[in-house]
Each structure stands twice: as structure tokens, then as C-alpha cells.
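Dumped run-v9.cif below, it's mmCIF, C-alpha atoms:
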data_input
#
loop_
_atom_site.group_PDB
_atom_site.id
_atom_site.type_symbol
_atom_site.label_atom_id
_atom_site.label_comp_id
_atom_site.auth_asym_id
_atom_site.auth_seq_id
_atom_site.Cartn_x
_atom_site.Cartn_y
_atom_site.Cartn_z
ATOM 1 C CA GLU L 24 0.000 0.000 0.000
ATOM 2 C CA MET L 25 2.780 2.442 0.952
ATOM 3 C CA CYS L 26 4.833 1.578 -2.154
ATOM 4 C CA ILE L 27 1.873 2.175 -4.441
ATOM 5 C CA ARG L 28 1.121 5.491 -2.724
ATOM 6 C CA ASP L 29 4.764 6.581 -3.102
ATOM 7 C CA SER L 30 4.783 5.712 -6.844
ATOM 8 C CA GLY L 31 6.628 2.438 -6.351
ATOM 9 C CA VAL L 32 5.893 -0.967 -7.875
ATOM 10 C CA ILE L 33 5.896 -4.172 -5.839
ATOM 11 C CA ASP L 34 7.786 -6.578 -8.103
ATOM 12 C CA LYS L 35 7.578 -9.840 -6.178
ATOM 13 C CA PHE L 36 7.409 -11.608 -2.839
ATOM 14 C CA GLU L 37 10.306 -14.047 -2.536
ATOM 15 C CA GLY L 38 10.371 -16.109 0.653
ATOM 16 C CA ASP L 39 10.334 -13.490 3.401
ATOM 17 C CA ALA L 40 11.545 -10.717 1.043
ATOM 18 C CA ILE L 41 9.648 -7.979 -0.810
ATOM 19 C CA MET L 42 11.236 -6.562 -3.965
ATOM 20 C CA ALA L 43 10.016 -3.140 -5.126
ATOM 21 C CA GLU L 44 11.104 -0.564 -7.711
ATOM 22 C CA PHE L 45 10.712 3.183 -8.013
ATOM 23 C CA GLY L 46 11.092 5.143 -11.258
ATOM 24 C CA VAL L 47 10.199 2.236 -13.566
ATOM 25 C CA PRO L 48 8.802 1.516 -16.096
ATOM 26 C CA VAL L 49 8.614 5.315 -16.539
ATOM 27 C CA SER L 50 11.262 7.401 -14.801
ATOM 28 C CA TYR L 51 10.177 10.403 -12.733
ATOM 29 C CA PRO L 52 12.081 12.955 -10.638
ATOM 30 C CA ASP L 53 12.893 12.088 -7.012
ATOM 31 C CA HIS L 54 12.306 8.329 -7.340
ATOM 32 C CA ALA L 55 15.245 7.731 -4.944
ATOM 33 C CA LYS L 56 13.636 10.036 -2.363
ATOM 34 C CA ALA L 57 10.303 8.239 -2.815
ATOM 35 C CA ALA L 58 12.012 4.888 -2.116
ATOM 36 C CA CYS L 59 13.681 6.296 1.003
ATOM 37 C CA ASN L 60 10.480 7.856 2.339
ATOM 38 C CA CYS L 61 8.664 4.568 1.751
ATOM 39 C CA ALA L 62 11.384 2.617 3.633
ATOM 40 C CA ILE L 63 11.253 5.042 6.596
ATOM 41 C CA GLU L 64 7.472 4.779 6.750
ATOM 42 C CA MET L 65 7.564 0.980 6.513
ATOM 43 C CA GLN L 66 9.949 0.756 9.483
ATOM 44 C CA GLU L 67 7.810 3.197 11.494
ATOM 45 C CA LYS L 68 4.667 1.195 10.757
ATOM 46 C CA LEU L 69 6.459 -2.048 11.660
ATOM 47 C CA ARG L 70 7.643 -0.537 14.984
ATOM 48 C CA ASN L 71 4.034 0.276 15.907
ATOM 49 C CA MET L 72 2.812 -3.165 14.852
ATOM 50 C CA ARG L 73 5.655 -4.817 16.788
ATOM 51 C CA THR L 74 4.610 -3.035 20.011
ATOM 52 C CA HIS L 75 1.028 -4.160 19.448
ATOM 53 C CA TRP L 76 2.048 -7.766 18.684
ATOM 54 C CA MET L 77 4.298 -7.998 21.751
ATOM 55 C CA LYS L 78 1.421 -6.903 23.992
ATOM 56 C CA GLU L 79 -0.519 -9.831 22.554
ATOM 57 C CA GLY L 80 2.387 -12.197 23.291
ATOM 58 C CA LYS L 81 3.295 -12.606 19.612
ATOM 59 C CA PRO L 82 6.871 -12.697 18.227
ATOM 60 C CA ALA L 83 8.671 -9.353 17.680
ATOM 61 C CA LEU L 84 9.154 -9.259 13.911
ATOM 62 C CA SER L 85 11.727 -6.941 12.358
ATOM 63 C CA ALA L 86 12.855 -6.251 8.784
ATOM 64 C CA ARG L 87 15.951 -5.032 6.946
ATOM 65 C CA ILE L 88 15.862 -2.843 3.836
ATOM 66 C CA GLY L 89 18.498 -2.233 1.133
ATOM 67 C CA ILE L 90 18.147 0.642 -1.358
ATOM 68 C CA ASN L 91 20.232 1.334 -4.449
ATOM 69 C CA THR L 92 19.831 3.693 -7.415
ATOM 70 C CA GLY L 93 21.118 3.165 -10.955
ATOM 71 C CA GLU L 94 20.433 2.015 -14.486
ATOM 72 C CA VAL L 95 18.596 -1.293 -14.794
ATOM 73 C CA ILE L 96 17.017 -3.440 -17.513
ATOM 74 C CA VAL L 97 13.247 -3.504 -17.056
ATOM 75 C CA GLY L 98 10.487 -5.432 -18.812
ATOM 76 C CA ASN L 99 9.070 -8.896 -19.371
ATOM 77 C CA MET L 100 11.939 -11.340 -18.801
ATOM 78 C CA GLY L 101 11.854 -14.959 -19.901
ATOM 79 C CA SER L 102 10.360 -16.632 -22.964
ATOM 80 C CA ARG L 103 7.163 -16.238 -24.955
ATOM 81 C CA HIS L 104 5.569 -18.992 -22.873
ATOM 82 C CA LEU L 105 6.804 -18.097 -19.403
ATOM 83 C CA PHE L 106 7.834 -14.581 -18.411
ATOM 84 C CA ASP L 107 7.897 -12.222 -15.484
ATOM 85 C CA TYR L 108 7.884 -8.422 -15.404
ATOM 86 C CA THR L 109 10.973 -7.489 -13.383
ATOM 87 C CA VAL L 110 14.255 -5.563 -13.297
ATOM 88 C CA MET L 111 17.769 -6.949 -13.774
ATOM 89 C CA GLY L 112 21.342 -5.722 -13.587
ATOM 90 C CA ASP L 113 24.268 -4.960 -11.279
ATOM 91 C CA HIS L 114 22.377 -2.179 -9.493
ATOM 92 C CA VAL L 115 19.543 -4.581 -8.635
ATOM 93 C CA ASN L 116 22.051 -7.074 -7.213
ATOM 94 C CA LEU L 117 23.750 -4.371 -5.129
ATOM 95 C CA GLY L 118 20.408 -3.380 -3.571
ATOM 96 C CA ALA L 119 19.853 -7.001 -2.550
ATOM 97 C CA ARG L 120 23.382 -7.220 -1.070
ATOM 98 C CA LEU L 121 22.767 -4.096 1.019
ATOM 99 C CA GLU L 122 19.647 -5.634 2.546
ATOM 100 C CA SER L 123 21.642 -8.563 3.935
ATOM 101 C CA ALA L 124 24.659 -6.358 4.786
ATOM 102 C CA ASN L 125 22.542 -4.631 7.459
ATOM 103 C CA LYS L 126 23.116 -7.735 9.612
ATOM 104 C CA GLY L 127 26.791 -6.940 10.202
ATOM 105 C CA TYR L 128 26.064 -3.359 11.317
ATOM 106 C CA GLY L 129 22.881 -3.829 13.340
ATOM 107 C CA THR L 130 21.081 -1.393 11.042
ATOM 108 C CA LYS L 131 17.584 -1.408 9.516
ATOM 109 C CA ILE L 132 17.933 0.602 6.275
ATOM 110 C CA MET L 133 21.175 0.652 4.272
ATOM 111 C CA ILE L 134 21.534 2.795 1.147
ATOM 112 C CA SER L 135 24.339 3.045 -1.404
ATOM 113 C CA GLU L 136 26.341 6.178 -2.222
ATOM 114 C CA PHE L 137 24.363 6.331 -5.507
ATOM 115 C CA THR L 138 21.076 6.712 -3.606
ATOM 116 C CA HIS L 139 22.722 9.010 -1.047
ATOM 117 C CA ASN L 140 23.790 11.362 -3.875
ATOM 118 C CA GLU L 141 20.121 11.849 -4.790
ATOM 119 C CA LEU L 142 19.039 12.948 -1.291
ATOM 120 C CA ASP L 143 18.920 16.388 0.302
ATOM 121 C CA ASP L 144 18.833 17.745 3.860
ATOM 122 C CA GLU L 145 15.287 16.455 4.283
ATOM 123 C CA PHE L 146 16.905 13.099 5.148
ATOM 124 C CA PHE L 147 19.068 12.032 8.079
ATOM 125 C CA THR L 148 21.854 9.581 7.219
ATOM 126 C CA ARG L 149 25.229 8.501 8.538
ATOM 127 C CA PRO L 150 28.199 6.892 6.779
ATOM 128 C CA LEU L 151 28.633 3.207 7.626
ATOM 129 C CA ASP L 152 31.565 1.876 5.606
ATOM 130 C CA PHE L 153 33.201 1.227 2.258
ATOM 131 C CA ILE L 154 32.263 -2.269 1.143
ATOM 132 C CA ARG L 155 33.175 -4.504 -1.793
ATOM 133 C CA VAL L 156 30.482 -6.974 -2.777
ATOM 134 C CA LYS L 157 31.220 -10.492 -3.988
ATOM 135 C CA GLY L 158 32.310 -10.558 -7.631
ATOM 136 C CA LYS L 159 33.092 -6.819 -7.860
ATOM 137 C CA THR L 160 36.378 -4.897 -7.586
ATOM 138 C CA LYS L 161 35.144 -1.320 -7.072
ATOM 139 C CA PRO L 162 34.182 -0.478 -3.480
ATOM 140 C CA VAL L 163 30.938 1.337 -2.673
ATOM 141 C CA GLU L 164 30.359 3.680 0.260
ATOM 142 C CA VAL L 165 27.227 2.753 2.181
ATOM 143 C CA PHE L 166 25.108 4.809 4.572
ATOM 144 C CA GLU L 167 22.419 4.164 7.139
ATOM 145 C CA LEU L 168 19.152 5.930 6.391
ATOM 146 C CA LEU L 169 17.895 7.105 9.781
ATOM 147 C CA GLY L 170 14.810 9.159 8.992
ATOM 148 C CA ASN L 171 13.390 12.302 7.426
ATOM 149 C CA LYS L 172 12.182 15.647 8.745
ATOM 150 C CA LYS L 173 9.049 13.975 10.190
ATOM 151 C CA THR L 174 11.118 11.533 12.287
ATOM 152 C CA PRO L 175 11.235 12.448 15.990
ATOM 153 C CA PHE L 176 14.843 12.228 17.254
ATOM 154 C CA LYS L 177 15.856 12.527 20.908
ATOM 155 C CA ASP L 178 18.476 15.171 21.727
ATOM 156 C CA THR L 179 20.834 12.477 23.031
ATOM 157 C CA TYR L 180 20.510 10.608 19.731
ATOM 158 C CA LEU L 181 21.369 13.718 17.698
ATOM 159 C CA GLU L 182 24.347 14.373 19.991
ATOM 160 C CA MET L 183 25.465 10.771 19.482
ATOM 161 C CA LEU L 184 25.221 11.200 15.692
ATOM 162 C CA GLU L 185 27.445 14.282 15.816
ATOM 163 C CA LYS L 186 30.093 12.337 17.786
ATOM 164 C CA TYR L 187 29.687 9.340 15.454
ATOM 165 C CA HIS L 188 30.418 11.460 12.350
ATOM 166 C CA LYS L 189 33.602 12.821 13.968
ATOM 167 C CA GLY L 190 34.599 9.313 15.069
ATOM 168 C CA TYR L 191 34.062 7.957 11.560
ATOM 169 C CA LEU L 192 36.364 10.644 10.108
ATOM 170 C CA ALA L 193 39.015 9.886 12.776
ATOM 171 C CA TYR L 194 38.760 6.174 11.870
ATOM 172 C CA ARG L 195 39.260 6.972 8.182
ATOM 173 C CA ARG L 196 42.455 8.929 8.930
ATOM 174 C CA ARG L 197 43.670 6.108 11.223
ATOM 175 C CA ASP L 198 43.529 8.234 14.378
ATOM 176 C CA TRP L 199 42.524 5.287 16.554
ATOM 177 C CA ASP L 200 42.796 7.071 19.926
ATOM 178 C CA GLU L 201 40.495 9.928 18.952
ATOM 179 C CA ALA L 202 38.061 7.522 17.275
ATOM 180 C CA ILE L 203 37.966 5.264 20.364
ATOM 181 C CA GLN L 204 37.223 8.285 22.576
ATOM 182 C CA LEU L 205 34.405 9.488 20.302
ATOM 183 C CA PHE L 206 32.785 6.067 19.839
ATOM 184 C CA GLU L 207 32.997 5.491 23.589
ATOM 185 C CA LYS L 208 31.032 8.729 24.054
ATOM 186 C CA CYS L 209 28.502 7.470 21.480
ATOM 187 C CA LYS L 210 28.038 4.290 23.521
ATOM 188 C CA GLU L 211 27.434 6.338 26.678
ATOM 189 C CA LEU L 212 24.811 8.487 24.949
ATOM 190 C CA GLU L 213 23.077 5.589 23.153
ATOM 191 C CA PRO L 214 24.126 2.215 24.636
ATOM 192 C CA LYS L 215 22.005 0.278 22.123
ATOM 193 C CA ASP L 216 23.562 1.860 19.015
ATOM 194 C CA GLN L 217 25.185 -1.034 17.148
ATOM 195 C CA PRO L 218 27.345 0.860 14.579
ATOM 196 C CA SER L 219 29.025 2.853 17.407
ATOM 197 C CA LYS L 220 29.717 -0.357 19.322
ATOM 198 C CA MET L 221 31.112 -2.014 16.188
ATOM 199 C CA TYR L 222 33.426 0.917 15.396
ATOM 200 C CA PHE L 223 34.608 1.152 18.999
ATOM 201 C CA GLU L 224 35.627 -2.522 18.897
ATOM 202 C CA ARG L 225 37.161 -2.196 15.422
ATOM 203 C CA CYS L 226 39.272 0.832 16.462
ATOM 204 C CA VAL L 227 40.497 -0.879 19.635
ATOM 205 C CA ASP L 228 41.515 -3.858 17.505
ATOM 206 C CA PHE L 229 43.318 -1.626 14.960
ATOM 207 C CA LYS L 230 45.107 0.288 17.716
ATOM 208 C CA TYR L 231 46.831 -2.902 18.863
ATOM 209 C CA ASN L 232 46.901 -4.654 15.464
ATOM 210 C CA THR L 233 47.710 -1.782 13.121
ATOM 211 C CA PRO L 234 46.606 -2.437 9.539
ATOM 212 C CA PRO L 235 49.329 -2.272 6.841
ATOM 213 C CA GLU L 236 50.168 0.986 5.024
ATOM 214 C CA GLU L 237 48.280 -0.128 1.922
ATOM 215 C CA TRP L 238 45.087 -0.663 3.976
ATOM 216 C CA ASP L 239 42.229 1.062 2.155
ATOM 217 C CA GLY L 240 39.552 0.535 4.802
ATOM 218 C CA VAL L 241 37.374 -1.499 2.419
ATOM 219 C CA ILE L 242 35.389 -4.372 3.918
ATOM 220 C CA GLU L 243 34.883 -7.445 1.720
ATOM 221 C CA LEU L 244 31.358 -8.841 1.809
ATOM 222 C CA LYS L 245 31.709 -12.611 1.519
ATOM 223 C CA GLU L 246 27.992 -13.387 1.615
ATOM 224 C CA LYS L 247 25.486 -12.787 -1.164
#

Any chance you could give the structure as C-alpha cells?
Amino acid sequence: EMCIRDSGVIDKFEGDAIMAEFGVPVSYPDHAKAACNCAIEMQEKLRNMRTHWMKEGKPALSARIGINTGEVIVGNMGSRHLFDYTVMGDHVNLGARLESANKGYGTKIMISEFTHNELDDEFFTRPLDFIRVKGKTKPVEVFELLGNKKTPFKDTYLEMLEKYHKGYLAYRRRDWDEAIQLFEKCKELEPKDQPSKMYFERCVDFKYNTPPEEWDGVIELKEK
């Protein structure tokens, strides 16, 4: 319902996954923003449903979302006798990889740099990492999509985000001590924040096991 309202198309249900596209078959401006707003709203709706389900003693269901933007092949794929309207291409595969990559960061919505480039200050994001997906050589910077201007953020959360951004920059320039200090502060402000916890542990590890000079900070994703 939300996808249709935000000019998206639900492509298919595959196991426990939903695949949806925005800006196809006819492209329109701001399709990346529409996808991001839809993802934010889906997570908000799921949070409310989860609270309701838990009160009824039902399992607490959660979902991960991956979003990517780029050129794709779209249309009826298959043969004359058996076909399926869908999209194909490297950018489709990257979107799928980002969905599963959320697991390693404890995040809910991961977007690629290509989607991030289409957004404006209406959206709240934070850099997560440079990753290289299986079968590709060029790394991609990925971001967590946190919300939009309608999302209510606590002051402590916004303070944590400010420290996180500084910590991420310190990590990139290999200033482990400063990064450790900043990510430690993040953990104090928001103890449940998984990316801060992960970076704190990673920086402590790198402080005592310094990566080689040629280290480019790119994380290899082994899983599909």
C-alpha cells in the first residue's frame, strides 16, 4: 500500500523478502527520495505493529531494507511462454546485497552512495563503511538511512550522531585514539547503538593490530 502510494511498484514476494522498484517503467524525478520515504514509513509502521504484537504475546518481527539507485534493464523477462515483469542488472544485485549487509552493522535501512547522492537535507543519514560486494572490484560507500524531517529524534541521539560522524572521520584517517574516545562517548549516549559499538571494537583492535600501510579501509562482503 505504501509503495503504491509513493509511486513504487511491488515486483515480487520471494520467501520473506519484498522486492520493489521506483522510477520504472517510466522514470520520474525524485524516485530515490520516494524509495527512502517509503522505507522510513515501513519501518515506522512495523515498529508500531511490533509493540502491538508484543502486547498480545506474539513474536517481535523486524525487517531489513536495502536501497540502491542506478540504471537497470526492465520489462518482461523470460520466454514467450513463461515470463515475469521485473528488473535486472548490477544495481539490482547491489540493492539485494545491502539488505543482507545490514546484519553486520545492526542497522535497519542501508543505502548506497548512488542513492545518497540523490538525497537532500530532508533526510538524516550517517556513513557506515566502504564495502566490496562479492564478484566486484570497485568499493561502494554505504550509509544508514535514519529518517526524514518527520522523524522524531531525541536530543541524546542527535548528539550521538554528531560524535559518530567525527569518530568515523578519525577512523578513516587512522587516528585510533580519537576515534575510540568518540565512539565510547557514542556508547554512553546511546548504549544500544550497534554501529558505534562495532566501530569502537574495530578501532580498539586496529590500535593494537595496526593495519598495513596499503590498507584502504574497504570491507569485503563474503555473503550474497

Inset, instruction - Would you write out, as an MDAnalysis selection string, every residue that the PyMOL selection byres ((chain L and resi 73-85) around 12) captures in this file? - result: chainID L and resid 39:40 65:72 86:88 126 129:132

Legend entry - Between CA of Gly118 in chain L and CA of Gly93 in chain L, distance in Å (one decimal):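 If I compute the distance from CA of Gly118 in chain L to CA of Gly93 in chain L, I get 9.9 Å.
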
Inset, instruction - Would you translate the PyMOL selection byres ((chain L and resi 31) around 12) into the concrete set of residues it matches in this file, as a ChimeraX atom specification? - result: /L:24-30,32-34,42-51,53-62

Legend entry - Pairwise distance for CA of Asp152 in chain L and CA of Asp198 in chain L, rounded to one decimal in Å: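 For CA of Asp152 in chain L relative to CA of Asp198 in chain L, the distance reads 16.1 Å.
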
Inset, instruction - May I ask for the distance between CA of Asp200 in chain L and CA of Ile154 in chain L, given in Å to one decimal place? - result: 23.5 Å

Inset, instruction - Tell me, as a PyMOL selection string, which residues lie within 12 Å of Leu192 in chain L, counting only C-alpha atoms; anything in the same chain fewer than 2 positions away does not count. - result: chain L and resi 149-152+185-190+194-199+201-203+205-206+222+240

Inset, instruction - Go through the shown structure with the PyMOL selection byres ((chain L and resi 139-142) around 9) and write out the matching residues as a PyMOL selection string. - result: chain L and resi 53-56+59+91-92+134-138+143-146+148+165-166+168

Inset, instruction - Considering all atoms listed in the file, state which residue in the set L:Val227, L:Cys209, L:Ala124, L:Leu181 is at the smallest distance from Glu243 in chain L. - result: L:Ala124

Legend entry - Among listed residues L:Glu236, L:Glu213, L:Phe229, L:His114, nearest Lys177 in chain L (using all atoms listed in the file):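 Checking each candidate against Lys177 in chain L, we get L:Glu213 as the closest.
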
Legend entry - Residue with smallest distance to Ser219 in chain L - pool L:Phe36, L:Phe153, L:Tyr180, L:Phe106, counting all atoms listed in the file: L:Tyr180

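Considering the residues L:Gly158, L:Gln204, L:Leu212, L:Gly89 and counting all atoms listed in the file, Asp178 in chain L has its shortest atom-to-atom contact with L:Leu212.
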
Inset, instruction - Determine the nearest neighbour of Leu244 in chain L from the options L:Asp228, L:Asn125, L:Ser102, L:Glu64, counting only C-alpha atoms. - result: L:Asn125

Legend entry - Nearest to Val241 in chain L by atom-to-atom distance, counting only C-alpha atoms, from L:Val163, L:Ile41, L:Val95, L:Cys226: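 Looking at the shortest contact to Val241 in chain L, the residue is L:Val163.
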
For range 49-60 of chain L, supply all heavy atoms and format the output as a short mmCIF file (atom, residue, chain, number, x, y, z; two decimals), in the frame of the given file.
data_model
loop_
_atom_site.label_atom_id
_atom_site.label_comp_id
_atom_site.auth_asym_id
_atom_site.auth_seq_id
_atom_site.Cartn_x
_atom_site.Cartn_y
_atom_site.Cartn_z
N VAL L 49 8.40 3.94 -16.08
CA VAL L 49 8.61 5.32 -16.54
C VAL L 49 9.34 6.08 -15.44
O VAL L 49 8.90 6.12 -14.29
CB VAL L 49 7.26 6.01 -16.85
CG1 VAL L 49 7.49 7.45 -17.31
CG2 VAL L 49 6.50 5.24 -17.92
N SER L 50 10.47 6.66 -15.79
CA SER L 50 11.26 7.40 -14.80
C SER L 50 10.55 8.70 -14.42
O SER L 50 9.81 9.27 -15.22
CB SER L 50 12.64 7.72 -15.37
OG SER L 50 13.44 8.33 -14.38
N TYR L 51 10.73 9.13 -13.20
CA TYR L 51 10.18 10.40 -12.73
C TYR L 51 11.16 11.00 -11.75
O TYR L 51 11.98 10.29 -11.15
CB TYR L 51 8.79 10.21 -12.10
CG TYR L 51 8.74 9.24 -10.95
CD1 TYR L 51 9.03 9.65 -9.64
CD2 TYR L 51 8.42 7.90 -11.15
CE1 TYR L 51 9.00 8.76 -8.58
CE2 TYR L 51 8.38 7.01 -10.10
CZ TYR L 51 8.67 7.45 -8.81
OH TYR L 51 8.65 6.56 -7.76
N PRO L 52 11.12 12.32 -11.56
CA PRO L 52 12.08 12.96 -10.64
C PRO L 52 11.88 12.44 -9.21
O PRO L 52 10.77 12.06 -8.83
CB PRO L 52 11.73 14.45 -10.72
CG PRO L 52 10.86 14.60 -11.92
CD PRO L 52 10.20 13.29 -12.14
N ASP L 53 12.95 12.42 -8.45
CA ASP L 53 12.89 12.09 -7.01
C ASP L 53 12.47 10.66 -6.71
O ASP L 53 11.93 10.38 -5.63
CB ASP L 53 11.97 13.07 -6.25
CG ASP L 53 12.51 14.49 -6.26
OD1 ASP L 53 13.70 14.66 -6.55
OD2 ASP L 53 11.73 15.42 -5.97
N HIS L 54 12.69 9.72 -7.64
CA HIS L 54 12.31 8.33 -7.34
C HIS L 54 13.14 7.76 -6.19
O HIS L 54 12.65 6.96 -5.40
CB HIS L 54 12.38 7.43 -8.58
CG HIS L 54 13.68 7.46 -9.32
ND1 HIS L 54 14.78 6.76 -8.91
CD2 HIS L 54 14.04 8.12 -10.44
CE1 HIS L 54 15.77 6.97 -9.75
NE2 HIS L 54 15.36 7.81 -10.69
N ALA L 55 14.41 8.21 -6.06
CA ALA L 55 15.24 7.73 -4.94
C ALA L 55 14.69 8.23 -3.61
O ALA L 55 14.64 7.49 -2.62
CB ALA L 55 16.69 8.21 -5.13
N LYS L 56 14.24 9.48 -3.59
CA LYS L 56 13.64 10.04 -2.36
C LYS L 56 12.35 9.30 -2.01
O LYS L 56 12.06 9.05 -0.85
CB LYS L 56 13.34 11.54 -2.55
CG LYS L 56 14.57 12.41 -2.62
CD LYS L 56 14.15 13.86 -2.78
CE LYS L 56 15.37 14.75 -2.99
NZ LYS L 56 14.99 16.15 -3.21
N ALA L 57 11.56 8.97 -3.05
CA ALA L 57 10.30 8.24 -2.82
C ALA L 57 10.59 6.88 -2.18
O ALA L 57 9.91 6.46 -1.24
CB ALA L 57 9.54 8.06 -4.14
N ALA L 58 11.63 6.19 -2.68
CA ALA L 58 12.01 4.89 -2.12
C ALA L 58 12.43 5.03 -0.66
O ALA L 58 12.06 4.22 0.20
CB ALA L 58 13.14 4.28 -2.94
N CYS L 59 13.20 6.08 -0.37
CA CYS L 59 13.68 6.30 1.00
C CYS L 59 12.53 6.65 1.95
O CYS L 59 12.47 6.14 3.07
CB CYS L 59 14.75 7.39 1.02
SG CYS L 59 16.31 6.86 0.28
N ASN L 60 11.64 7.51 1.50
CA ASN L 60 10.48 7.86 2.34
C ASN L 60 9.61 6.64 2.61
O ASN L 60 9.11 6.45 3.72
CB ASN L 60 9.64 8.96 1.68
CG ASN L 60 10.22 10.35 1.92
OD1 ASN L 60 10.72 10.65 3.00
ND2 ASN L 60 10.16 11.20 0.91
#
